[in-house]
file work_12.tsv (TSV, C-alpha atoms)
chain	number	residue	atom	x	y	z
A	1	MET	CA	0.00	0.00	0.00
A	2	ARG	CA	0.95	3.65	-0.16
A	3	VAL	CA	0.90	6.35	2.50
A	4	VAL	CA	0.31	9.88	1.28
A	5	VAL	CA	2.45	12.54	2.98
A	6	PRO	CA	0.48	15.75	2.29
A	7	ALA	CA	3.12	18.08	3.74
A	8	LEU	CA	5.61	16.80	1.15
A	9	ALA	CA	3.22	16.15	-1.78
A	10	ILE	CA	4.62	12.61	-2.06
A	11	ASP	CA	3.69	9.12	-0.99
A	12	VAL	CA	5.73	6.28	0.47
A	13	GLY	CA	5.37	2.53	0.73
A	14	ALA	CA	3.83	0.82	3.75
A	15	LEU	CA	3.02	-2.72	4.92
A	16	LEU	CA	0.14	-3.60	7.23
A	17	LEU	CA	0.33	-6.88	9.13
A	18	ARG	CA	-2.83	-7.45	11.18
A	19	PRO	CA	-3.13	-10.86	12.85
A	20	ALA	CA	-6.45	-12.35	13.82
A	21	GLY	CA	-7.41	-11.09	17.25
A	22	ALA	CA	-5.09	-8.09	17.11
A	23	ARG	CA	-5.40	-5.86	20.18
A	24	TRP	CA	-3.08	-2.98	19.24
A	25	LEU	CA	-1.56	-1.44	16.12
A	26	LEU	CA	2.06	-0.26	16.20
A	27	VAL	CA	3.16	2.29	13.59
A	28	LEU	CA	6.71	1.07	13.04
A	29	ALA	CA	9.53	3.11	11.49
A	30	HIS	CA	12.77	1.60	10.21
A	31	GLY	CA	16.33	2.50	11.16
A	32	ALA	CA	18.71	4.73	9.26
A	33	GLY	CA	20.38	2.12	7.08
A	34	ALA	CA	17.64	-0.35	6.24
A	35	GLY	CA	14.04	-0.04	5.07
A	36	MET	CA	10.77	-1.59	6.08
A	37	ARG	CA	11.53	-4.90	4.32
A	38	HIS	CA	14.83	-5.48	6.14
A	39	PRO	CA	14.94	-8.90	7.89
A	40	PHE	CA	14.97	-7.17	11.28
A	41	MET	CA	11.71	-5.40	10.48
A	42	GLU	CA	10.16	-8.52	8.95
A	43	THR	CA	11.08	-10.71	11.91
A	44	LEU	CA	10.04	-8.14	14.48
A	45	SER	CA	6.65	-7.63	12.82
A	46	ALA	CA	6.06	-11.39	12.73
A	47	ALA	CA	6.97	-11.73	16.41
A	48	LEU	CA	4.67	-8.86	17.34
A	49	ALA	CA	1.87	-10.47	15.33
A	50	GLU	CA	2.29	-13.61	17.45
A	51	ALA	CA	1.75	-11.35	20.47
A	52	LYS	CA	-1.46	-9.98	18.87
A	53	ILE	CA	0.10	-6.62	18.00
A	54	ALA	CA	-0.51	-5.48	14.43
A	55	THR	CA	2.11	-3.34	12.68
A	56	LEU	CA	2.08	-0.70	9.98
A	57	ARG	CA	5.61	-0.44	8.64
A	58	TYR	CA	6.40	2.49	6.39
A	59	GLN	CA	9.28	3.91	4.41
A	60	PHE	CA	10.96	7.23	4.97
A	61	PRO	CA	11.18	9.18	1.69
A	62	TYR	CA	14.95	8.77	1.26
A	63	MET	CA	14.65	5.00	1.54
A	64	GLU	CA	11.76	5.03	-0.91
A	65	ARG	CA	14.07	6.82	-3.38
A	66	GLY	CA	16.85	4.27	-2.81
A	67	GLN	CA	19.17	6.78	-1.17
A	68	ARG	CA	21.42	6.14	1.81
A	69	ARG	CA	21.46	9.52	3.50
A	70	PRO	CA	18.41	10.22	5.70
A	71	ASP	CA	16.12	13.10	4.89
A	72	PRO	CA	16.12	16.29	7.01
A	73	PRO	CA	14.30	15.79	10.34
A	74	ALA	CA	11.25	17.79	9.21
A	75	THR	CA	10.77	15.41	6.27
A	76	LEU	CA	11.11	12.34	8.47
A	77	VAL	CA	8.65	13.78	10.99
A	78	ALA	CA	6.12	14.53	8.22
A	79	ALA	CA	6.30	10.95	6.99
A	80	GLY	CA	5.78	9.60	10.49
A	81	ARG	CA	2.82	11.89	11.06
A	82	ALA	CA	1.22	10.70	7.80
A	83	ALA	CA	1.78	7.06	8.76
A	84	VAL	CA	0.02	7.59	12.09
A	85	ALA	CA	-2.93	9.19	10.31
A	86	GLU	CA	-3.11	6.30	7.82
A	87	ALA	CA	-2.95	3.71	10.61
A	88	HIS	CA	-5.82	5.42	12.39
A	89	ARG	CA	-7.82	5.41	9.15
A	90	LEU	CA	-7.11	1.76	8.36
A	91	ALA	CA	-7.82	0.40	11.84
A	92	PRO	CA	-9.97	2.85	13.82
A	93	ASP	CA	-10.96	-0.01	16.13
A	94	LEU	CA	-7.40	-0.61	17.37
A	95	PRO	CA	-5.58	1.59	19.90
A	96	LEU	CA	-2.39	2.98	18.38
A	97	LEU	CA	1.24	2.78	19.38
A	98	ALA	CA	4.12	4.36	17.47
A	99	GLY	CA	7.86	3.90	17.46
A	100	GLY	CA	10.62	2.22	15.58
A	101	LYS	CA	14.11	0.87	15.28
A	102	SER	CA	16.91	3.29	16.18
A	103	LEU	CA	16.45	6.41	14.02
A	104	GLY	CA	12.81	5.50	13.47
A	105	GLY	CA	12.15	5.54	17.19
A	106	ARG	CA	13.98	8.80	17.76
A	107	ILE	CA	12.10	10.55	14.94
A	108	THR	CA	8.82	9.24	16.33
A	109	SER	CA	9.61	10.73	19.73
A	110	GLN	CA	10.63	14.04	18.17
A	111	ALA	CA	7.34	14.14	16.26
A	112	ALA	CA	5.35	13.38	19.41
A	113	ALA	CA	7.13	16.20	21.24
A	114	ALA	CA	6.80	19.03	18.74
A	115	GLY	CA	4.00	21.44	17.83
A	116	ASP	CA	1.57	20.36	15.12
A	117	SER	CA	3.06	16.87	15.03
A	118	ALA	CA	2.43	16.41	18.74
A	119	GLU	CA	-1.23	17.24	18.10
A	120	ALA	CA	-1.36	14.58	15.38
A	121	TYR	CA	0.12	12.04	17.81
A	122	ARG	CA	-2.65	12.52	20.38
A	123	VAL	CA	-4.30	9.40	18.98
A	124	VAL	CA	-1.18	7.42	19.97
A	125	ARG	CA	-1.32	5.74	23.38
A	126	GLY	CA	2.40	5.00	23.81
A	127	LEU	CA	5.82	5.08	22.13
A	128	VAL	CA	8.09	2.06	21.69
A	129	PHE	CA	11.83	2.29	21.02
A	130	PHE	CA	13.74	-0.71	19.69
A	131	GLY	CA	17.27	0.48	20.47
A	132	PHE	CA	16.95	4.21	21.13
A	133	PRO	CA	20.10	5.83	19.57
A	134	LEU	CA	21.08	7.94	22.57
A	135	HIS	CA	24.47	8.96	21.18
A	136	ALA	CA	27.04	8.23	18.49
A	137	ALA	CA	29.27	5.20	19.04
A	138	GLY	CA	32.07	6.02	21.45
A	139	ARG	CA	30.61	9.46	22.30
A	140	PRO	CA	28.36	8.98	25.32
A	141	SER	CA	25.86	11.78	25.85
A	142	VAL	CA	22.21	12.31	26.79
A	143	SER	CA	21.58	15.40	24.64
A	144	ARG	CA	19.46	13.41	22.15
A	145	ALA	CA	17.02	12.62	24.96
A	146	ALA	CA	16.25	16.22	25.94
A	147	HIS	CA	13.05	16.38	23.87
A	148	LEU	CA	11.60	13.34	25.66
A	149	ASN	CA	10.56	15.64	28.50
A	150	ASP	CA	7.99	17.11	26.09
A	151	VAL	CA	6.43	13.78	25.11
A	152	ALA	CA	3.10	13.20	26.81
A	153	GLN	CA	2.75	9.46	26.15
A	154	PRO	CA	4.22	6.55	28.13
A	155	LEU	CA	7.56	5.37	26.72
A	156	LEU	CA	8.99	1.85	26.41
A	157	PHE	CA	12.74	1.51	25.84
A	158	LEU	CA	14.03	-1.89	24.68
A	159	GLN	CA	17.82	-1.80	24.90
A	160	GLY	CA	20.65	-4.31	24.60
A	161	THR	CA	23.52	-4.42	27.06
A	162	ARG	CA	26.04	-4.31	24.18
A	163	ASP	CA	24.40	-1.40	22.32
A	164	ALA	CA	27.21	0.93	21.19
A	165	LEU	CA	24.71	3.75	20.56
A	166	ALA	CA	23.21	3.74	24.05
A	167	ASP	CA	25.37	3.37	27.13
A	168	LEU	CA	23.13	1.43	29.50
A	169	SER	CA	23.94	3.54	32.54
A	170	LEU	CA	22.93	6.65	30.59
A	171	ILE	CA	19.71	5.06	29.35
A	172	ARG	CA	18.91	4.15	32.94
A	173	SER	CA	19.50	7.76	34.02
A	174	VAL	CA	17.26	9.06	31.21
A	175	CYS	CA	14.45	6.71	32.22
A	176	ALA	CA	14.83	7.61	35.88
A	177	ALA	CA	14.56	11.32	35.05
A	178	LEU	CA	11.38	10.68	33.02
A	179	GLY	CA	9.79	8.97	36.01
A	180	GLU	CA	6.75	6.73	35.74
A	181	ARG	CA	6.24	7.55	32.04
A	182	ALA	CA	9.33	5.54	31.09
A	183	THR	CA	9.79	1.77	31.20
A	184	LEU	CA	13.12	0.12	30.39
A	185	HIS	CA	13.47	-3.50	29.30
A	186	VAL	CA	17.07	-4.67	29.02
A	187	VAL	CA	17.96	-7.52	26.63
A	188	ASP	CA	21.03	-9.21	28.05
A	189	GLY	CA	23.92	-9.55	25.61
A	190	ALA	CA	22.16	-7.82	22.69
A	191	ASP	CA	23.83	-5.21	20.48
A	192	HIS	CA	22.16	-2.30	18.69
A	193	GLY	CA	20.55	-4.70	16.21
A	194	PHE	CA	19.58	-7.08	19.04
A	195	ALA	CA	22.05	-9.73	17.89
A	196	VAL	CA	23.46	-11.84	20.72
A	197	LEU	CA	26.71	-13.79	20.91
A	198	LYS	CA	26.60	-17.50	20.10
A	199	ARG	CA	27.91	-18.36	23.52
A	200	SER	CA	24.73	-16.91	25.03
A	201	GLY	CA	22.91	-20.03	23.86
A	202	ARG	CA	19.99	-17.91	22.66
A	203	THR	CA	18.57	-17.85	19.15
A	204	ALA	CA	17.44	-14.80	17.21
A	205	ASP	CA	13.86	-16.08	17.39
A	206	GLN	CA	14.09	-16.19	21.18
A	207	VAL	CA	15.37	-12.62	21.30
A	208	PHE	CA	12.62	-11.33	19.00
A	209	GLY	CA	10.09	-13.26	21.05
A	210	GLU	CA	11.37	-11.50	24.16
A	211	LEU	CA	11.01	-8.11	22.46
A	212	ALA	CA	7.46	-8.84	21.35
A	213	GLN	CA	6.35	-10.22	24.71
A	214	SER	CA	7.89	-7.23	26.49
A	215	VAL	CA	5.83	-4.90	24.31
A	216	ARG	CA	2.70	-6.99	24.92
A	217	HIS	CA	3.16	-6.99	28.71
A	218	TRP	CA	3.74	-3.23	28.67
A	219	VAL	CA	0.68	-2.41	26.56
A	220	ASP	CA	-1.49	-4.68	28.67
A	221	ARG	CA	-0.68	-2.37	31.58
A	222	LEU	CA	-1.73	0.63	29.47
A	223	SER	CA	-5.18	-0.82	28.85
call {"tool": "encode", "arguments": {"input": "work_12.tsv", "output": "structure tokens"}}
result
Amino acid sequence: MRVVVPALAIDVGALLLRPAGARWLLVLAHGAGAGMRHPFMETLSAALAEAKIATLRYQFPYMERGQRRPDPPATLVAAGRAAVAEAHRLAPDLPLLAGGKSLGGRITSQAAAAGDSAEAYRVVRGLVFFGFPLHAAGRPSVSRAAHLNDVAQPLLFLQGTRDALADLSLIRSVCAALGERATLHVVDGADHGFAVLKRSGRTADQVFGELAQSVRHWVDRLS
């Protein structure tokens, strides 16, 4: 399907996966280097479907054009806002969540924090971050989290202990500062892409199952 982005006079690709008995719909944005059909996104969506969480994956415009460099933040935010509107149109019976992998999650949170976009996100009950990119690799900082203070919705952070883009002690401090709005689920041994070492004895399917069940348990508490 296509999602029209009125602010940009373009449209982008999207994929809706709605399992039987779905209880929520998550508007899911991809990371900086891989689009909505990347194996991570495919596997995550399938795992969420097993947990009765539907997903609407969508492309950012630069990925739709086959480019590697992300669009300016305003363009990314406009695409996310349009995807939320389309999800609400397609499944008005399902409560909405929004979020994404890495960049996709950060852009979602920026959209939910800012002006007209924040108004558009009022239909969203919570935000989910699969590896929030708190800082560049090797440059620990919390400056990218400053806008989270302006997000009204509950926030779920799913973070790996080996994530080079999010020092775990800093993520913990960010969540503590946000108070009851923030929930942190730590995936032991996972990197930024939620890959774990072979010696962990865990499979990728088990890790994705943990991610999906963590989201399900969190949203059940939102109900």
call {"tool": "closest_residue", "arguments": {"input": "work_12.tsv", "among": "A:Val174, A:Leu96, A:Met41, A:Val187", "to": "Tyr58 of chain A", "atoms": "only C-alpha atoms"}}
result
A:Met41
call {"tool": "residues_around", "arguments": {"input": "work_12.tsv", "residues": "segment 154-156 of chain A", "least_positions_apart": "3", "cutoff": "12 Å", "atoms": "all atoms listed in the file", "output": "PyMOL selection string"}}
result
chain A and resi 97-100+105-106+108-109+112+122+124-132+148-151+159+171+174-176+178-186+211-212+214-219+221-223
call {"tool": "closest_residue", "arguments": {"input": "work_12.tsv", "among": "A:Val4, A:Arg69, A:Ser200, A:Ile107", "to": "Leu28 of chain A", "atoms": "all atoms listed in the file"}}
result
A:Ile107
call {"tool": "atom_distance", "arguments": {"input": "work_12.tsv", "atom1": "atom CA of Asp163 of chain A", "atom2": "atom CA of Gln206 of chain A"}}
result
18.1 Å
call {"tool": "atom_distance", "arguments": {"input": "work_12.tsv", "atom1": "atom CA of Leu170 of chain A", "atom2": "atom CA of Thr75 of chain A"}}
result
28.6 Å
call {"tool": "closest_residue", "arguments": {"input": "work_12.tsv", "among": "A:Ala164, A:Ala145, A:Val84, A:Val27", "to": "Glu119 of chain A", "atoms": "only C-alpha atoms"}}
result
A:Val84
call {"tool": "residues_near_point", "arguments": {"input": "work_12.tsv", "point": "(7.9, -11.1, 20.9)", "cutoff": "9 Å", "atoms": "only C-alpha atoms", "output": "VMD selection string"}}
result
chain A and resid 44 to 51 205 to 216
call {"tool": "closest_residue", "arguments": {"input": "work_12.tsv", "among": "A:Leu25, A:Ala113, A:Ile53, A:Met63", "to": "Pro92 of chain A", "atoms": "all atoms listed in the file"}}
result
A:Leu25
call {"tool": "atom_distance", "arguments": {"input": "work_12.tsv", "atom1": "atom CA of Pro70 of chain A", "atom2": "atom CA of Ala83 of chain A"}}
result
17.2 Å
call {"tool": "axis_aligned_box", "arguments": {"input": "work_12.tsv", "around": "segment 154-166 of chain A", "padding_each_side": "6 Å", "output": "lines of an AutoDock Vina configuration file"}}
result
center_x = 15.7
center_y = 1.1
center_z = 24.3
size_x = 35.0
size_y = 23.0
size_z = 19.6
call {"tool": "closest_residue", "arguments": {"input": "work_12.tsv", "among": "A:Ala152, A:Leu103, A:Ala78, A:Ala114", "to": "Ala7 of chain A", "atoms": "all atoms listed in the file"}}
result
A:Ala78
call {"tool": "closest_residue", "arguments": {"input": "work_12.tsv", "among": "A:Gly115, A:Gly104, A:Gly201, A:Pro73", "to": "Ala32 of chain A", "atoms": "all atoms listed in the file"}}
result
A:Gly104
call {"tool": "build_atoms", "arguments": {"input": "work_12.tsv", "residues": "segment 42-68 of chain A", "atoms": "N, CA and C atoms", "output": "PDB file, in the frame of the given file"}}
result
ATOM      1  N   GLU A  42      11.039  -7.404   9.270  1.00  0.00           N
ATOM      2  CA  GLU A  42      10.160  -8.520   8.950  1.00  0.00           C
ATOM      3  C   GLU A  42       9.990  -9.444  10.157  1.00  0.00           C
ATOM      4  N   THR A  43      11.122  -9.782  10.784  1.00  0.00           N
ATOM      5  CA  THR A  43      11.080 -10.710  11.910  1.00  0.00           C
ATOM      6  C   THR A  43      10.405 -10.096  13.115  1.00  0.00           C
ATOM      7  N   LEU A  44      10.676  -8.827  13.357  1.00  0.00           N
ATOM      8  CA  LEU A  44      10.040  -8.140  14.480  1.00  0.00           C
ATOM      9  C   LEU A  44       8.523  -8.072  14.286  1.00  0.00           C
ATOM     10  N   SER A  45       8.082  -7.727  13.090  1.00  0.00           N
ATOM     11  CA  SER A  45       6.650  -7.630  12.820  1.00  0.00           C
ATOM     12  C   SER A  45       5.967  -8.984  13.010  1.00  0.00           C
ATOM     13  N   ALA A  46       6.633 -10.054  12.571  1.00  0.00           N
ATOM     14  CA  ALA A  46       6.060 -11.390  12.730  1.00  0.00           C
ATOM     15  C   ALA A  46       5.963 -11.766  14.213  1.00  0.00           C
ATOM     16  N   ALA A  47       6.990 -11.425  14.981  1.00  0.00           N
ATOM     17  CA  ALA A  47       6.970 -11.730  16.410  1.00  0.00           C
ATOM     18  C   ALA A  47       5.884 -10.929  17.119  1.00  0.00           C
ATOM     19  N   LEU A  48       5.728  -9.683  16.744  1.00  0.00           N
ATOM     20  CA  LEU A  48       4.670  -8.860  17.340  1.00  0.00           C
ATOM     21  C   LEU A  48       3.290  -9.396  16.973  1.00  0.00           C
ATOM     22  N   ALA A  49       3.153  -9.882  15.743  1.00  0.00           N
ATOM     23  CA  ALA A  49       1.870 -10.470  15.330  1.00  0.00           C
ATOM     24  C   ALA A  49       1.526 -11.673  16.204  1.00  0.00           C
ATOM     25  N   GLU A  50       2.531 -12.469  16.555  1.00  0.00           N
ATOM     26  CA  GLU A  50       2.290 -13.610  17.450  1.00  0.00           C
ATOM     27  C   GLU A  50       1.783 -13.134  18.806  1.00  0.00           C
ATOM     28  N   ALA A  51       2.188 -11.932  19.198  1.00  0.00           N
ATOM     29  CA  ALA A  51       1.750 -11.350  20.470  1.00  0.00           C
ATOM     30  C   ALA A  51       0.468 -10.531  20.309  1.00  0.00           C
ATOM     31  N   LYS A  52      -0.198 -10.662  19.162  1.00  0.00           N
ATOM     32  CA  LYS A  52      -1.460  -9.980  18.870  1.00  0.00           C
ATOM     33  C   LYS A  52      -1.312  -8.460  18.744  1.00  0.00           C
ATOM     34  N   ILE A  53      -0.141  -8.032  18.270  1.00  0.00           N
ATOM     35  CA  ILE A  53       0.100  -6.620  18.000  1.00  0.00           C
ATOM     36  C   ILE A  53       0.297  -6.454  16.498  1.00  0.00           C
ATOM     37  N   ALA A  54      -0.628  -5.765  15.850  1.00  0.00           N
ATOM     38  CA  ALA A  54      -0.510  -5.480  14.430  1.00  0.00           C
ATOM     39  C   ALA A  54       0.558  -4.414  14.204  1.00  0.00           C
ATOM     40  N   THR A  55       1.111  -4.364  13.004  1.00  0.00           N
ATOM     41  CA  THR A  55       2.110  -3.340  12.680  1.00  0.00           C
ATOM     42  C   THR A  55       1.797  -2.706  11.337  1.00  0.00           C
ATOM     43  N   LEU A  56       2.065  -1.407  11.260  1.00  0.00           N
ATOM     44  CA  LEU A  56       2.080  -0.700   9.980  1.00  0.00           C
ATOM     45  C   LEU A  56       3.502  -0.189   9.806  1.00  0.00           C
ATOM     46  N   ARG A  57       4.257  -0.891   8.958  1.00  0.00           N
ATOM     47  CA  ARG A  57       5.610  -0.440   8.640  1.00  0.00           C
ATOM     48  C   ARG A  57       5.549   0.531   7.467  1.00  0.00           C
ATOM     49  N   TYR A  58       6.401   1.528   7.492  1.00  0.00           N
ATOM     50  CA  TYR A  58       6.400   2.490   6.390  1.00  0.00           C
ATOM     51  C   TYR A  58       7.822   2.928   6.066  1.00  0.00           C
ATOM     52  N   GLN A  59       7.997   3.440   4.861  1.00  0.00           N
ATOM     53  CA  GLN A  59       9.280   3.910   4.410  1.00  0.00           C
ATOM     54  C   GLN A  59       9.443   5.408   4.666  1.00  0.00           C
ATOM     55  N   PHE A  60      10.632   5.811   5.028  1.00  0.00           N
ATOM     56  CA  PHE A  60      10.960   7.230   4.970  1.00  0.00           C
ATOM     57  C   PHE A  60      11.240   7.574   3.503  1.00  0.00           C
ATOM     58  N   PRO A  61      11.030   8.822   3.105  1.00  0.00           N
ATOM     59  CA  PRO A  61      11.180   9.180   1.690  1.00  0.00           C
ATOM     60  C   PRO A  61      12.544   8.835   1.095  1.00  0.00           C
ATOM     61  N   TYR A  62      13.623   9.050   1.826  1.00  0.00           N
ATOM     62  CA  TYR A  62      14.950   8.770   1.260  1.00  0.00           C
ATOM     63  C   TYR A  62      15.119   7.290   0.944  1.00  0.00           C
ATOM     64  N   MET A  63      14.563   6.438   1.790  1.00  0.00           N
ATOM     65  CA  MET A  63      14.650   5.000   1.540  1.00  0.00           C
ATOM     66  C   MET A  63      13.784   4.615   0.350  1.00  0.00           C
ATOM     67  N   GLU A  64      12.643   5.264   0.236  1.00  0.00           N
ATOM     68  CA  GLU A  64      11.760   5.030  -0.910  1.00  0.00           C
ATOM     69  C   GLU A  64      12.471   5.373  -2.217  1.00  0.00           C
ATOM     70  N   ARG A  65      13.327   6.405  -2.187  1.00  0.00           N
ATOM     71  CA  ARG A  65      14.070   6.820  -3.380  1.00  0.00           C
ATOM     72  C   ARG A  65      15.336   5.995  -3.594  1.00  0.00           C
ATOM     73  N   GLY A  66      15.651   5.089  -2.678  1.00  0.00           N
ATOM     74  CA  GLY A  66      16.850   4.270  -2.810  1.00  0.00           C
ATOM     75  C   GLY A  66      18.120   4.988  -2.418  1.00  0.00           C
ATOM     76  N   GLN A  67      18.004   6.019  -1.607  1.00  0.00           N
ATOM     77  CA  GLN A  67      19.170   6.780  -1.170  1.00  0.00           C
ATOM     78  C   GLN A  67      19.625   6.304   0.200  1.00  0.00           C
ATOM     79  N   ARG A  68      20.879   6.603   0.543  1.00  0.00           N
ATOM     80  CA  ARG A  68      21.420   6.140   1.810  1.00  0.00           C
ATOM     81  C   ARG A  68      21.370   7.198   2.895  1.00  0.00           C
TER      82      ARG A  68
END
